[in-house]
file run31.txt (compact mmCIF, C-alpha atoms)
# COMPACT_ATOMS: atom_id res chain seq x y z
CA MET Z 1 -6.85 2.66 19.52
CA THR Z 2 -8.73 0.69 16.86
CA ARG Z 3 -8.34 3.02 13.90
CA PHE Z 4 -6.46 1.99 10.75
CA LEU Z 5 -5.50 4.57 8.10
CA THR Z 6 -3.84 4.19 4.74
CA LEU Z 7 -2.52 7.21 2.88
CA GLY Z 8 -1.79 7.78 -0.80
CA GLU Z 9 -3.42 8.08 -4.20
CA ILE Z 10 -6.45 6.25 -5.57
CA MET Z 11 -6.92 6.57 -9.33
CA VAL Z 12 -9.43 5.88 -12.06
CA GLU Z 13 -8.57 2.48 -13.53
CA MET Z 14 -9.26 1.54 -17.15
CA ALA Z 15 -8.89 -2.25 -17.35
CA PRO Z 16 -9.47 -4.54 -20.35
CA ALA Z 17 -13.05 -5.79 -20.44
CA PRO Z 18 -13.19 -9.61 -20.29
CA ASP Z 19 -13.88 -11.25 -23.67
CA SER Z 20 -14.18 -7.83 -25.37
CA PRO Z 21 -10.88 -6.92 -27.07
CA GLY Z 22 -10.39 -3.18 -27.39
CA LEU Z 23 -12.96 -2.30 -24.72
CA PHE Z 24 -12.05 -1.10 -21.24
CA ARG Z 25 -13.91 -1.18 -17.94
CA LEU Z 26 -13.83 1.79 -15.55
CA GLY Z 27 -12.92 1.18 -11.93
CA TYR Z 28 -10.87 2.66 -9.11
CA ALA Z 29 -7.68 1.40 -7.49
CA GLY Z 30 -4.38 2.41 -5.98
CA ASP Z 31 -1.81 0.55 -3.92
CA THR Z 32 -2.63 2.01 -0.51
CA PHE Z 33 -6.36 1.94 -1.18
CA ASN Z 34 -6.08 -1.75 -2.08
CA THR Z 35 -4.46 -2.29 1.31
CA ALA Z 36 -7.31 -0.41 3.03
CA TRP Z 37 -9.88 -2.48 1.14
CA TYR Z 38 -8.38 -5.79 2.28
CA ALA Z 39 -7.75 -4.51 5.81
CA ARG Z 40 -11.42 -3.56 6.12
CA ARG Z 41 -12.39 -7.16 5.35
CA LEU Z 42 -9.83 -8.66 7.69
CA LEU Z 43 -10.12 -6.47 10.78
CA PRO Z 44 -12.96 -6.83 13.30
CA ALA Z 45 -16.03 -4.63 12.84
CA SER Z 46 -14.97 -2.65 15.92
CA TRP Z 47 -12.09 -1.23 13.89
CA THR Z 48 -12.46 1.82 11.66
CA VAL Z 49 -10.54 1.70 8.37
CA SER Z 50 -10.09 5.08 6.65
CA TYR Z 51 -8.42 6.27 3.46
CA GLY Z 52 -6.48 9.52 3.43
CA THR Z 53 -6.02 11.36 0.15
CA VAL Z 54 -6.84 14.57 -1.70
CA ILE Z 55 -9.38 14.67 -4.53
CA GLY Z 56 -10.90 17.39 -6.70
CA ASP Z 57 -14.35 18.94 -6.67
CA ASP Z 58 -15.35 17.51 -10.07
CA PRO Z 59 -17.93 14.76 -10.73
CA MET Z 60 -15.28 12.05 -11.17
CA SER Z 61 -13.83 12.87 -7.75
CA THR Z 62 -17.31 12.70 -6.24
CA ASP Z 63 -17.89 9.31 -7.85
CA LEU Z 64 -14.58 8.11 -6.44
CA ALA Z 65 -15.47 9.24 -2.90
CA GLN Z 66 -18.79 7.42 -3.16
CA PHE Z 67 -16.99 4.29 -4.36
CA ILE Z 68 -14.68 4.37 -1.33
CA GLU Z 69 -17.69 4.63 1.00
CA ARG Z 70 -19.45 1.73 -0.73
CA GLN Z 71 -16.42 -0.44 0.01
CA GLY Z 72 -16.83 0.14 3.74
CA VAL Z 73 -13.81 2.43 3.99
CA ALA Z 74 -14.37 5.69 5.85
CA THR Z 75 -13.96 8.96 3.93
CA ASP Z 76 -13.64 11.37 6.85
CA THR Z 77 -9.95 11.65 5.95
CA LEU Z 78 -10.50 12.92 2.39
CA ARG Z 79 -9.61 16.51 1.52
CA ARG Z 80 -11.10 18.22 -1.57
CA ILE Z 81 -9.58 21.07 -3.56
CA ARG Z 82 -10.59 23.07 -6.61
CA ASP Z 83 -9.04 22.96 -10.09
CA ARG Z 84 -7.66 19.43 -9.69
CA THR Z 85 -9.07 16.00 -10.38
CA VAL Z 86 -8.03 12.37 -9.89
CA GLY Z 87 -5.33 10.50 -11.77
CA LEU Z 88 -6.05 7.83 -14.37
CA TYR Z 89 -4.21 4.72 -15.50
CA MET Z 90 -4.76 2.13 -18.22
CA ILE Z 91 -3.85 -1.55 -17.93
CA GLN Z 92 -2.70 -4.11 -20.46
CA THR Z 93 -2.30 -7.74 -19.36
CA ARG Z 94 -0.12 -10.52 -20.79
CA GLU Z 95 0.19 -13.95 -19.12
CA GLY Z 96 -0.93 -12.63 -15.75
CA GLU Z 97 1.54 -9.73 -15.68
CA ARG Z 98 0.26 -6.20 -16.18
CA SER Z 99 1.80 -3.11 -17.77
CA PHE Z 100 0.54 0.36 -16.92
CA SER Z 101 0.18 3.76 -18.61
CA TYR Z 102 -0.49 6.76 -16.34
CA TRP Z 103 -2.08 10.21 -16.58
CA ARG Z 104 -1.66 11.93 -13.23
CA GLY Z 105 -0.41 15.47 -14.01
CA GLN Z 106 -3.56 17.09 -12.54
CA SER Z 107 -3.97 14.60 -9.71
CA ALA Z 108 -5.10 16.31 -6.51
CA ALA Z 109 -3.20 13.68 -4.52
CA ARG Z 110 0.03 15.44 -5.47
CA THR Z 111 -0.96 18.09 -2.89
CA LEU Z 112 -1.25 15.47 -0.14
CA ALA Z 113 1.35 17.08 2.11
CA ASP Z 114 0.54 20.74 1.43
CA ASP Z 115 -1.48 21.14 4.65
CA PRO Z 116 0.46 19.93 7.73
CA ASP Z 117 -2.44 20.75 10.06
CA TRP Z 118 -4.72 18.46 8.04
CA LEU Z 119 -2.12 15.69 8.21
CA ASP Z 120 -1.80 16.04 11.98
CA ASN Z 121 -5.58 15.94 12.30
CA ILE Z 122 -6.11 12.77 10.27
CA PHE Z 123 -3.12 11.04 11.90
CA ALA Z 124 -4.33 11.69 15.45
CA ASN Z 125 -5.20 8.60 17.50
CA ARG Z 126 -4.56 6.07 14.71
CA ALA Z 127 -3.39 2.62 15.76
CA VAL Z 128 -1.85 2.01 12.32
CA ILE Z 129 -0.90 4.43 9.54
CA GLN Z 130 0.25 2.84 6.27
CA PHE Z 131 1.83 4.60 3.30
CA SER Z 132 3.99 3.55 0.36
CA GLY Z 133 6.83 4.43 -1.94
CA ILE Z 134 4.24 5.63 -4.43
CA THR Z 135 2.80 7.98 -1.80
CA LEU Z 136 6.26 9.55 -1.55
CA ALA Z 137 7.10 9.42 -5.26
CA ILE Z 138 4.17 11.59 -6.38
CA LEU Z 139 5.25 14.41 -4.04
CA THR Z 140 7.89 17.11 -4.46
CA PRO Z 141 11.02 16.76 -2.31
CA GLU Z 142 9.77 19.44 0.10
CA ALA Z 143 6.35 17.80 0.34
CA ARG Z 144 8.04 14.48 1.10
CA LYS Z 145 9.85 16.11 4.01
CA SER Z 146 6.57 17.58 5.26
CA LEU Z 147 4.77 14.23 5.08
CA CYS Z 148 7.58 12.36 6.81
CA ALA Z 149 7.71 15.00 9.55
CA ALA Z 150 3.97 14.51 10.16
CA LEU Z 151 4.42 10.73 10.23
CA ALA Z 152 7.25 11.12 12.73
CA ARG Z 153 4.98 13.20 14.96
CA ALA Z 154 2.26 10.54 14.76
CA ARG Z 155 4.79 7.82 15.55
CA ALA Z 156 5.98 9.75 18.60
CA ALA Z 157 2.35 10.03 19.72
CA GLY Z 158 1.91 6.24 19.62
CA SER Z 159 0.76 5.34 16.10
CA HIS Z 160 2.38 2.33 14.40
CA ILE Z 161 3.75 3.54 11.05
CA ALA Z 162 3.98 0.98 8.23
CA PHE Z 163 5.80 1.60 4.95
CA ASP Z 164 5.40 -0.54 1.83
CA THR Z 165 8.34 0.51 -0.33
CA ASN Z 166 6.43 -0.33 -3.56
CA LEU Z 167 9.01 0.78 -6.09
CA ARG Z 168 7.97 2.66 -9.26
CA PRO Z 169 11.20 4.00 -10.81
CA ARG Z 170 9.37 6.05 -13.48
CA LEU Z 171 7.76 8.20 -10.78
CA TRP Z 172 11.09 9.34 -9.35
CA ASP Z 173 13.38 12.03 -10.77
CA SER Z 174 16.41 9.75 -10.56
CA ALA Z 175 17.64 6.49 -9.09
CA GLU Z 176 19.41 8.42 -6.33
CA ALA Z 177 16.23 10.36 -5.48
CA MET Z 178 14.38 7.05 -5.30
CA ARG Z 179 16.91 5.47 -2.94
CA SER Z 180 16.94 8.58 -0.78
CA GLY Z 181 13.14 8.70 -0.69
CA LEU Z 182 12.84 5.06 0.34
CA LEU Z 183 15.26 5.55 3.22
CA GLN Z 184 13.46 8.75 4.19
CA GLY Z 185 10.19 6.82 4.45
CA ALA Z 186 11.80 3.94 6.33
CA ALA Z 187 13.34 6.32 8.87
CA VAL Z 188 9.89 7.33 10.19
CA SER Z 189 8.43 3.80 10.13
CA ASP Z 190 8.04 0.97 12.61
CA THR Z 191 7.33 -1.70 9.97
CA VAL Z 192 8.88 -1.78 6.48
CA LEU Z 193 7.47 -4.11 3.80
CA PRO Z 194 9.85 -4.28 0.81
CA SER Z 195 9.86 -6.65 -2.16
CA PHE Z 196 13.21 -8.32 -2.72
CA ASP Z 197 13.28 -7.97 -6.51
CA GLU Z 198 12.73 -4.22 -6.13
CA GLU Z 199 15.46 -3.95 -3.50
CA GLN Z 200 17.84 -5.72 -5.86
CA LEU Z 201 16.98 -3.13 -8.52
CA ALA Z 202 17.29 -0.11 -6.25
CA PHE Z 203 20.16 -1.12 -3.95
CA GLN Z 204 21.76 -4.16 -5.66
CA ASP Z 205 21.06 -6.34 -2.61
CA ALA Z 206 22.52 -9.83 -2.95
CA THR Z 207 20.42 -11.39 -0.18
CA PRO Z 208 17.24 -10.59 1.77
CA GLU Z 209 19.42 -10.29 4.86
CA GLU Z 210 21.04 -7.20 3.34
CA THR Z 211 17.60 -5.68 2.89
CA VAL Z 212 16.69 -6.39 6.51
CA GLN Z 213 19.91 -4.83 7.77
CA ARG Z 214 19.43 -1.61 5.77
CA TYR Z 215 15.91 -0.94 7.05
CA ARG Z 216 16.81 -2.10 10.54
CA ALA Z 217 19.64 0.46 10.50
CA ALA Z 218 17.18 3.11 9.28
CA GLY Z 219 15.17 2.63 12.47
CA ALA Z 220 12.49 0.04 11.70
CA SER Z 221 11.56 -2.41 14.44
CA CYS Z 222 10.07 -4.90 11.95
CA VAL Z 223 11.02 -5.75 8.35
CA VAL Z 224 9.15 -8.29 6.22
CA ILE Z 225 10.44 -9.00 2.71
CA LYS Z 226 8.07 -10.25 0.02
CA ASN Z 227 9.85 -12.49 -2.46
CA GLY Z 228 7.38 -13.96 -4.94
CA GLU Z 229 7.34 -17.77 -4.81
CA ALA Z 230 10.50 -17.83 -2.69
CA PRO Z 231 10.35 -17.74 1.12
CA CYS Z 232 9.43 -14.47 2.82
CA HIS Z 233 12.03 -13.18 5.27
CA GLY Z 234 10.94 -11.36 8.40
CA TRP Z 235 12.66 -9.80 11.36
CA SER Z 236 11.39 -7.94 14.40
CA GLN Z 237 12.90 -6.76 17.65
CA THR Z 238 10.50 -8.99 19.60
CA ASP Z 239 10.44 -12.14 17.41
CA GLY Z 240 13.88 -12.21 15.83
CA THR Z 241 14.27 -13.74 12.35
CA VAL Z 242 11.41 -15.72 10.80
CA THR Z 243 10.93 -17.24 7.34
CA CYS Z 244 7.69 -18.29 5.67
CA THR Z 245 7.17 -20.30 2.48
CA PRO Z 246 4.17 -19.05 0.50
CA PRO Z 247 1.61 -21.55 -0.84
CA LYS Z 248 2.04 -22.89 -4.35
CA VAL Z 249 -0.21 -21.27 -6.96
CA ALA Z 250 -0.93 -23.30 -10.09
CA ARG Z 251 -1.89 -20.33 -12.25
CA VAL Z 252 -1.38 -16.63 -11.63
CA VAL Z 253 -4.30 -14.69 -13.10
CA ASP Z 254 -3.43 -11.17 -11.96
CA SER Z 255 -0.56 -10.11 -9.71
CA THR Z 256 -1.59 -6.46 -9.36
CA ALA Z 257 -2.49 -6.49 -5.67
CA ALA Z 258 -0.17 -9.25 -4.48
CA GLY Z 259 1.94 -6.92 -2.37
CA ASP Z 260 -0.96 -4.68 -1.32
CA SER Z 261 -2.99 -7.61 -0.02
CA PHE Z 262 0.06 -9.12 1.66
CA GLY Z 263 0.56 -5.85 3.51
CA ALA Z 264 -3.08 -5.75 4.59
CA GLY Z 265 -2.98 -9.34 5.78
CA PHE Z 266 0.22 -8.78 7.71
CA LEU Z 267 -0.76 -5.48 9.34
CA ALA Z 268 -4.27 -6.66 10.24
CA ALA Z 269 -2.84 -9.77 11.88
CA ARG Z 270 -0.21 -7.83 13.82
CA ALA Z 271 -2.75 -5.19 14.88
CA THR Z 272 -4.89 -7.92 16.44
CA GLY Z 273 -2.06 -9.60 18.33
CA ALA Z 274 -0.54 -12.18 15.96
CA SER Z 275 3.12 -13.12 16.19
CA LEU Z 276 5.49 -12.23 13.35
CA GLY Z 277 5.42 -15.77 11.93
CA THR Z 278 1.64 -16.10 12.13
CA ALA Z 279 1.14 -12.69 10.50
CA MET Z 280 3.53 -13.56 7.67
CA THR Z 281 1.75 -16.86 7.04
CA ARG Z 282 -1.68 -15.23 6.94
CA ALA Z 283 -0.39 -12.53 4.61
CA ALA Z 284 1.20 -15.03 2.23
CA HIS Z 285 -1.97 -17.14 2.05
CA LEU Z 286 -4.10 -14.07 1.36
CA ALA Z 287 -1.82 -12.86 -1.43
CA ALA Z 288 -1.77 -16.36 -2.96
CA GLU Z 289 -5.57 -16.34 -3.15
CA VAL Z 290 -5.78 -12.78 -4.48
CA ILE Z 291 -3.49 -13.42 -7.46
CA GLN Z 292 -5.76 -16.23 -8.66
CA HIS Z 293 -8.52 -13.69 -9.42
CA PRO Z 294 -8.71 -10.82 -11.92
CA GLY Z 295 -8.40 -7.24 -10.70
CA ALA Z 296 -6.83 -5.62 -7.68
CA LEU Z 297 -9.86 -6.23 -5.46
CA ALA Z 298 -11.08 -9.81 -5.07
CA PRO Z 299 -14.37 -9.91 -3.13
CA GLN Z 300 -14.90 -13.55 -4.17
CA ILE Z 301 -12.41 -14.80 -1.62
CA PHE Z 302 -14.42 -13.33 1.26
CA GLU Z 303 -17.80 -14.74 0.23
CA THR Z 304 -17.43 -17.74 2.54
CA GLY Z 305 -15.69 -15.84 5.32
CA GLU Z 306 -12.04 -14.91 5.71
CA PRO Z 307 -9.62 -16.54 3.25
CA SER Z 308 -7.71 -19.53 4.56
call {"tool": "encode", "arguments": {"input": "run31.txt", "output": "structure tokens"}}
result
Amino acid sequence: MTRFLTLGEIMVEMAPAPDSPGLFRLGYAGDTFNTAWYARRLLPASWTVSYGTVIGDDPMSTDLAQFIERQGVATDTLRRIRDRTVGLYMIQTREGERSFSYWRGQSAARTLADDPDWLDNIFANRAVIQFSGITLAILTPEARKSLCAALARARAAGSHIAFDTNLRPRLWDSAEAMRSGLLQGAAVSDTVLPSFDEEQLAFQDATPEETVQRYRAAGASCVVIKNGEAPCHGWSQTDGTVTCTPPKVARVVDSTAAGDSFGAGFLAARATGASLGTAMTRAAHLAAEVIQHPGALAPQIFETGEPS
């Protein structure tokens, strides 16, 4: 199988226009779509990279679908429904760190798990299926169960399920619901990609080793912990424990897609046969390059071939 799918919500993005205070530029982004975008540029042309989500039947949804196609990501896994649209978020940036305001009450992606047959269809024969904590957080508790059941079926059929925990506390009803949801997602996943600062917030982990042990106990066969400038910690059943020191970055311009690009770099490397350590190194180098450019998507780094 050479088919890679990411699943979640892509939104309209209103980002500050460079050198024009008070003006905003319209774009599209979302954590799992960012991962698909980078994976498309990293995987061989023989691979298909698709994005699975639900959008409306309004002009903005149509524009979004066309944008996805222009990025080289397949849209055969989109579902469209009436009387809904796409979510929107606005960004403010200070010293490289962004804050976000969201409008997603009418987002069609909230119905992502309402059609189990559709989920089974788009999951069929996928080498890799990636989703995130945000994918789970926008769903109702029953819809979360439905999605995880479909992912478990795909895993049993041979797909490699990857879960980026990507914590957004404001999207969850409570801290306990958030912790339960993260473990629910991990329980149906082969690879779990947490960020240590988020695990400290959610579970009060004292060390990355505690994070590894929790997701290992949940059933993951591979756990890779992103940790900012500090070493990444990885573990897999086949490679054991591995650490990786990310490259030094003199100036962080925009950290929005650091984790999303790391996940793409790691999963693309593993899907094409790289060892745990090699995949972690490639992922860390990609993320280090991405955060030196504005915006979630950084085409500049691919203009001379794959990033180093």
call {"tool": "closest_residue", "arguments": {"input": "run31.txt", "among": "Z:Thr272, Z:Asn125, Z:Ser221, Z:Thr281", "to": "Z:Pro247", "atoms": "only C-alpha atoms"}}
result
Z:Thr281
call {"tool": "residues_around", "arguments": {"input": "run31.txt", "residues": "stretch 103-119 of chain Z", "least_positions_apart": "6", "cutoff": "10 Å", "atoms": "all atoms listed in the file", "output": "ChimeraX atom specification"}}
result
/Z:7-12,52-57,61,77-90,135-140,142-151,154
call {"tool": "closest_residue", "arguments": {"input": "run31.txt", "among": "Z:Gln200, Z:Ala257, Z:Gly265, Z:Gln71", "to": "Z:Ala279", "atoms": "all atoms listed in the file"}}
result
Z:Gly265
call {"tool": "residues_around", "arguments": {"input": "run31.txt", "residues": "stretch 163-178 of chain Z", "least_positions_apart": "3", "cutoff": "9 Å", "atoms": "only C-alpha atoms", "output": "MDAnalysis selection string"}}
result
chainID Z and resid 31:32 129:134 137:138 141 181:183 185:186 188:195 198:199 202 259:260 263
call {"tool": "residues_around", "arguments": {"input": "run31.txt", "residues": "Z:Phe24", "least_positions_apart": "4", "cutoff": "6 Å", "atoms": "all atoms listed in the file", "output": "mmCIF file with C-alpha atoms, in the coordinates of the input"}}
result
data_model
loop_
_atom_site.group_PDB
_atom_site.id
_atom_site.type_symbol
_atom_site.label_atom_id
_atom_site.label_comp_id
_atom_site.auth_asym_id
_atom_site.auth_seq_id
_atom_site.Cartn_x
_atom_site.Cartn_y
_atom_site.Cartn_z
ATOM 1 C CA MET Z 14 -9.260 1.540 -17.150
ATOM 2 C CA ALA Z 15 -8.890 -2.250 -17.350
ATOM 3 C CA PRO Z 16 -9.470 -4.540 -20.350
ATOM 4 C CA ALA Z 17 -13.050 -5.790 -20.440
#
call {"tool": "atom_distance", "arguments": {"input": "run31.txt", "atom1": "atom CA of Z:Phe4", "atom2": "atom CA of Z:Trp47"}}
result
7.2 Å
call {"tool": "closest_residue", "arguments": {"input": "run31.txt", "among": "Z:Pro208, Z:Gly277, Z:Pro21, Z:Gly219", "to": "Z:Gly240", "atoms": "all atoms listed in the file"}}
result
Z:Gly277
call {"tool": "atom_distance", "arguments": {"input": "run31.txt", "atom1": "atom CA of Z:Ala36", "atom2": "atom CA of Z:Gln237"}}
result
25.7 Å
call {"tool": "atom_distance", "arguments": {"input": "run31.txt", "atom1": "atom CA of Z:Thr6", "atom2": "atom CA of Z:Val49"}}
result
8.0 Å
call {"tool": "residues_around", "arguments": {"input": "run31.txt", "residues": "stretch 228-232 of chain Z", "least_positions_apart": "5", "cutoff": "9 Å", "atoms": "all atoms listed in the file", "output": "PyMOL selection string"}}
result
chain Z and resi 195-197+208+242-249+258+280+284
call {"tool": "axis_aligned_box", "arguments": {"input": "run31.txt", "around": "stretch 28-34 of chain Z", "padding_each_side": "4 Å", "output": "AutoDock Vina command-line options"}}
result
--center_x -6.3 --center_y 0.5 --center_z -4.8 --size_x 17.1 --size_y 12.4 --size_z 16.6
call {"tool": "closest_residue", "arguments": {"input": "run31.txt", "among": "Z:Val73, Z:Leu297, Z:Ile225, Z:Ala152", "to": "Z:Leu43", "atoms": "only C-alpha atoms"}}
result
Z:Val73
call {"tool": "closest_residue", "arguments": {"input": "run31.txt", "among": "Z:Ala218, Z:Ala288, Z:Ile122, Z:Leu42", "to": "Z:Gln184", "atoms": "all atoms listed in the file"}}
result
Z:Ala218
call {"tool": "closest_residue", "arguments": {"input": "run31.txt", "among": "Z:Asn227, Z:Met60, Z:Phe100, Z:Arg41", "to": "Z:Gln300", "atoms": "only C-alpha atoms"}}
result
Z:Arg41
call {"tool": "decode", "arguments": {"input": "run31.txt", "residues": "stretch 264-305 of chain Z", "atoms": "C-alpha atoms", "output": "JSON list (two decimals), in the first residue's frame"}}
result
[["chain", "number", "residue", "atom", "x", "y", "z"],
["Z", 264, "ALA", "CA", 5.01, 14.55, 8.43],
["Z", 265, "GLY", "CA", 8.78, 14.18, 8.35],
["Z", 266, "PHE", "CA", 8.72, 11.30, 10.79],
["Z", 267, "LEU", "CA", 5.84, 9.38, 9.22],
["Z", 268, "ALA", "CA", 7.11, 9.85, 5.66],
["Z", 269, "ALA", "CA", 10.53, 8.56, 6.68],
["Z", 270, "ARG", "CA", 9.12, 5.56, 8.52],
["Z", 271, "ALA", "CA", 6.73, 4.77, 5.66],
["Z", 272, "THR", "CA", 9.69, 4.54, 3.28],
["Z", 273, "GLY", "CA", 11.80, 2.30, 5.49],
["Z", 274, "ALA", "CA", 13.82, 4.60, 7.77],
["Z", 275, "SER", "CA", 14.86, 3.49, 11.24],
["Z", 276, "LEU", "CA", 13.43, 5.22, 14.30],
["Z", 277, "GLY", "CA", 16.56, 7.33, 14.82],
["Z", 278, "THR", "CA", 16.85, 8.35, 11.17],
["Z", 279, "ALA", "CA", 13.17, 9.28, 11.02],
["Z", 280, "MET", "CA", 13.44, 11.38, 14.19],
["Z", 281, "THR", "CA", 16.49, 13.21, 12.83],
["Z", 282, "ARG", "CA", 14.81, 13.98, 9.51],
["Z", 283, "ALA", "CA", 11.68, 15.17, 11.31],
["Z", 284, "ALA", "CA", 13.64, 17.44, 13.66],
["Z", 285, "HIS", "CA", 15.59, 19.02, 10.79],
["Z", 286, "LEU", "CA", 12.41, 19.64, 8.81],
["Z", 287, "ALA", "CA", 10.66, 21.29, 11.77],
["Z", 288, "ALA", "CA", 13.73, 23.45, 12.43],
["Z", 289, "GLU", "CA", 13.60, 24.76, 8.87],
["Z", 290, "VAL", "CA", 9.83, 25.29, 8.90],
["Z", 291, "ILE", "CA", 9.85, 27.51, 12.00],
["Z", 292, "GLN", "CA", 12.28, 29.91, 10.32],
["Z", 293, "HIS", "CA", 9.58, 30.91, 7.80],
["Z", 294, "PRO", "CA", 6.23, 32.67, 8.22],
["Z", 295, "GLY", "CA", 3.01, 30.68, 7.99],
["Z", 296, "ALA", "CA", 2.12, 27.05, 8.51],
["Z", 297, "LEU", "CA", 3.15, 26.03, 4.99],
["Z", 298, "ALA", "CA", 6.70, 26.81, 3.88],
["Z", 299, "PRO", "CA", 7.15, 26.01, 0.17],
["Z", 300, "GLN", "CA", 10.46, 27.92, 0.14],
["Z", 301, "ILE", "CA", 12.29, 25.07, 1.82],
["Z", 302, "PHE", "CA", 11.45, 22.69, -1.03],
["Z", 303, "GLU", "CA", 12.53, 24.96, -3.87],
["Z", 304, "THR", "CA", 15.97, 23.35, -4.07],
["Z", 305, "GLY", "CA", 14.76, 19.83, -3.33]]
